[in-house]
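Everything on this sheet refers to the single structure shown next.
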Amino acid sequence: MRENPVVFLIDDDAAVRDVIKDLLFSVGHVVEPFASAEEFLSRRDPQAPGCLVLDVRLPGTSGLELQKRLLAQKDRIPTIFISGYGDVPMAVQVMKAGAVDFLQKPFREQELLECVQEALRRDQARRESEERVSGVLTGYRSLTKREREIMKLVVTGQINKQIAAQVGLSEVTVKIHRAQVMHKMGTPSLADLVRAADKIEAFLS
């Protein structure tokens with residue numbers, strides 16, 4: 001069963017934390033509040049599904065610095081920035097770095113709720129995509145060097161006879177390798193194998 005997503009909330013103002021936490025609780029979200037980036041990082045599990053509501057100005061590590069740090073660690077948690085001091089250049093900066101949105105305090109409750117829904121949707125979609133790619137990669141890593149060579153030629157649409165001539169094997173041997181590739185990759189058809197190959201190429205590029 002998939003773990004319930006969590007809205008991680010970082011704001012050094014206890015009153016603001018309480019207001020946002022109560023709002024999110026009221027519509028059924030699981031919320032974990034933090035007073036600093038350091039506190040959040042000490043308990044952060046990148047495998048935990050959810051999103052981050054992050055104040056720009058924080059004691060110690062700022063919200064902007066935390067975003068950079070998470071990106072450097074390849075932690076792609078969707079982030080919503082909130083700030084009472086933000087400006088256009090700052091908003092552009094965080095959005096270019098992948099933030100879901102930048103909300104100026106005071107913001108409308110509905111505005112935040114919609115942003116959180118979008119952030120959680122993005123997180124779920126990314127995780128599902130990564131799970132699919134992970135399965136494909138597991139199959140690909142189980143292929144021998146020769147099987148990978150055969151797979152590369154198969155997905156270009158070449159038939160066994162053409163592949164055999166190109167790699168210097170008998171047509172029967174190519175047929176056996178091809179069947180092994182399809183089995184290990186879990187792809188019952190050529191179209192499925194081509195899609196799997198596209199995912200691998202996108203992941204490795």
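Chain labels follow the order of the structure tokens: the first chain is A, the next B, and so on; residue numbering restarts at 1 in every chain, and ligands are counted from 1 in their shown order.
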Show me, as an NGL selection string, the residues that have an atom within 7 Å of stretch 84-93 of chain A when counting only C-alpha atoms, minus same-chain residues fewer than 5 positions from it.
:A and (102 or 104-105)
For A:Thr61, which of A:Asp18, A:Glu114, A:Asp12, A:Asp192 is the closest residue, counting only C-alpha atoms?
A:Asp12
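Using only C-alpha atoms, the shortest contact distance between A:Ala37 and any of A:Ala164, A:Val174, A:Val155, A:Val56 is found at A:Val56.
For the pair atom CA of A:Phe40 and atom CA of A:Val19, the separation is 18.8 Å.
By chain and then residue number, the residues within 10 Å of A:Gly157 are Lys152, Gln162, Ile163, Leu190, Ala191 and Val194 of chain A, counting only C-alpha atoms and disregarding those fewer than 5 positions away in sequence.
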Write out as JSON, numbers by chain each polymer residue whose atoms come within 12 Å of A:Ser62, counting only C-alpha atoms; drop sequence neighbours fewer than 4 positions from it.
{"A": [10, 11, 12, 35, 36, 37, 38, 54, 55, 56, 57, 58, 66, 67, 68, 69, 81, 83]}
Keeping C-alpha atoms, export the residues of the selection given above as a PDB file, in the first residue's frame.
```pdb
ATOM      1  CA  ILE A  10       8.775  25.046   7.113  1.00  0.00           C
ATOM      2  CA  ASP A  11       8.193  28.488   8.638  1.00  0.00           C
ATOM      3  CA  ASP A  12       9.979  30.024  11.601  1.00  0.00           C
ATOM      4  CA  ALA A  35      10.733  25.767  12.367  1.00  0.00           C
ATOM      5  CA  SER A  36      13.939  25.578  10.319  1.00  0.00           C
ATOM      6  CA  ALA A  37      15.489  24.000   7.255  1.00  0.00           C
ATOM      7  CA  GLU A  38      18.001  22.186   9.448  1.00  0.00           C
ATOM      8  CA  LEU A  54       8.627  26.620   2.361  1.00  0.00           C
ATOM      9  CA  ASP A  55       9.133  30.129   3.706  1.00  0.00           C
ATOM     10  CA  VAL A  56      11.835  32.100   1.900  1.00  0.00           C
ATOM     11  CA  ARG A  57      13.295  33.777   4.981  1.00  0.00           C
ATOM     12  CA  LEU A  58      14.417  31.351   7.655  1.00  0.00           C
ATOM     13  CA  LEU A  66      17.393  24.743   0.987  1.00  0.00           C
ATOM     14  CA  GLN A  67      15.979  24.484  -2.531  1.00  0.00           C
ATOM     15  CA  LYS A  68      19.514  24.475  -3.973  1.00  0.00           C
ATOM     16  CA  ARG A  69      20.638  21.901  -1.426  1.00  0.00           C
ATOM     17  CA  PHE A  81       7.420  29.022  -1.668  1.00  0.00           C
ATOM     18  CA  SER A  83       7.038  34.878   1.558  1.00  0.00           C
TER      19      SER A  83
END
```
Spatial neighbours of A:Ile77, 12 Å, only C-alpha atoms, chain gap at least 5 places, as a ChimeraX atom specification
/A:5-8,44-54,66-71,97-100,116,119-127
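Pairwise distance (atom CA of A:Glu147, atom CA of A:Ala202) equals 19.8 Å.
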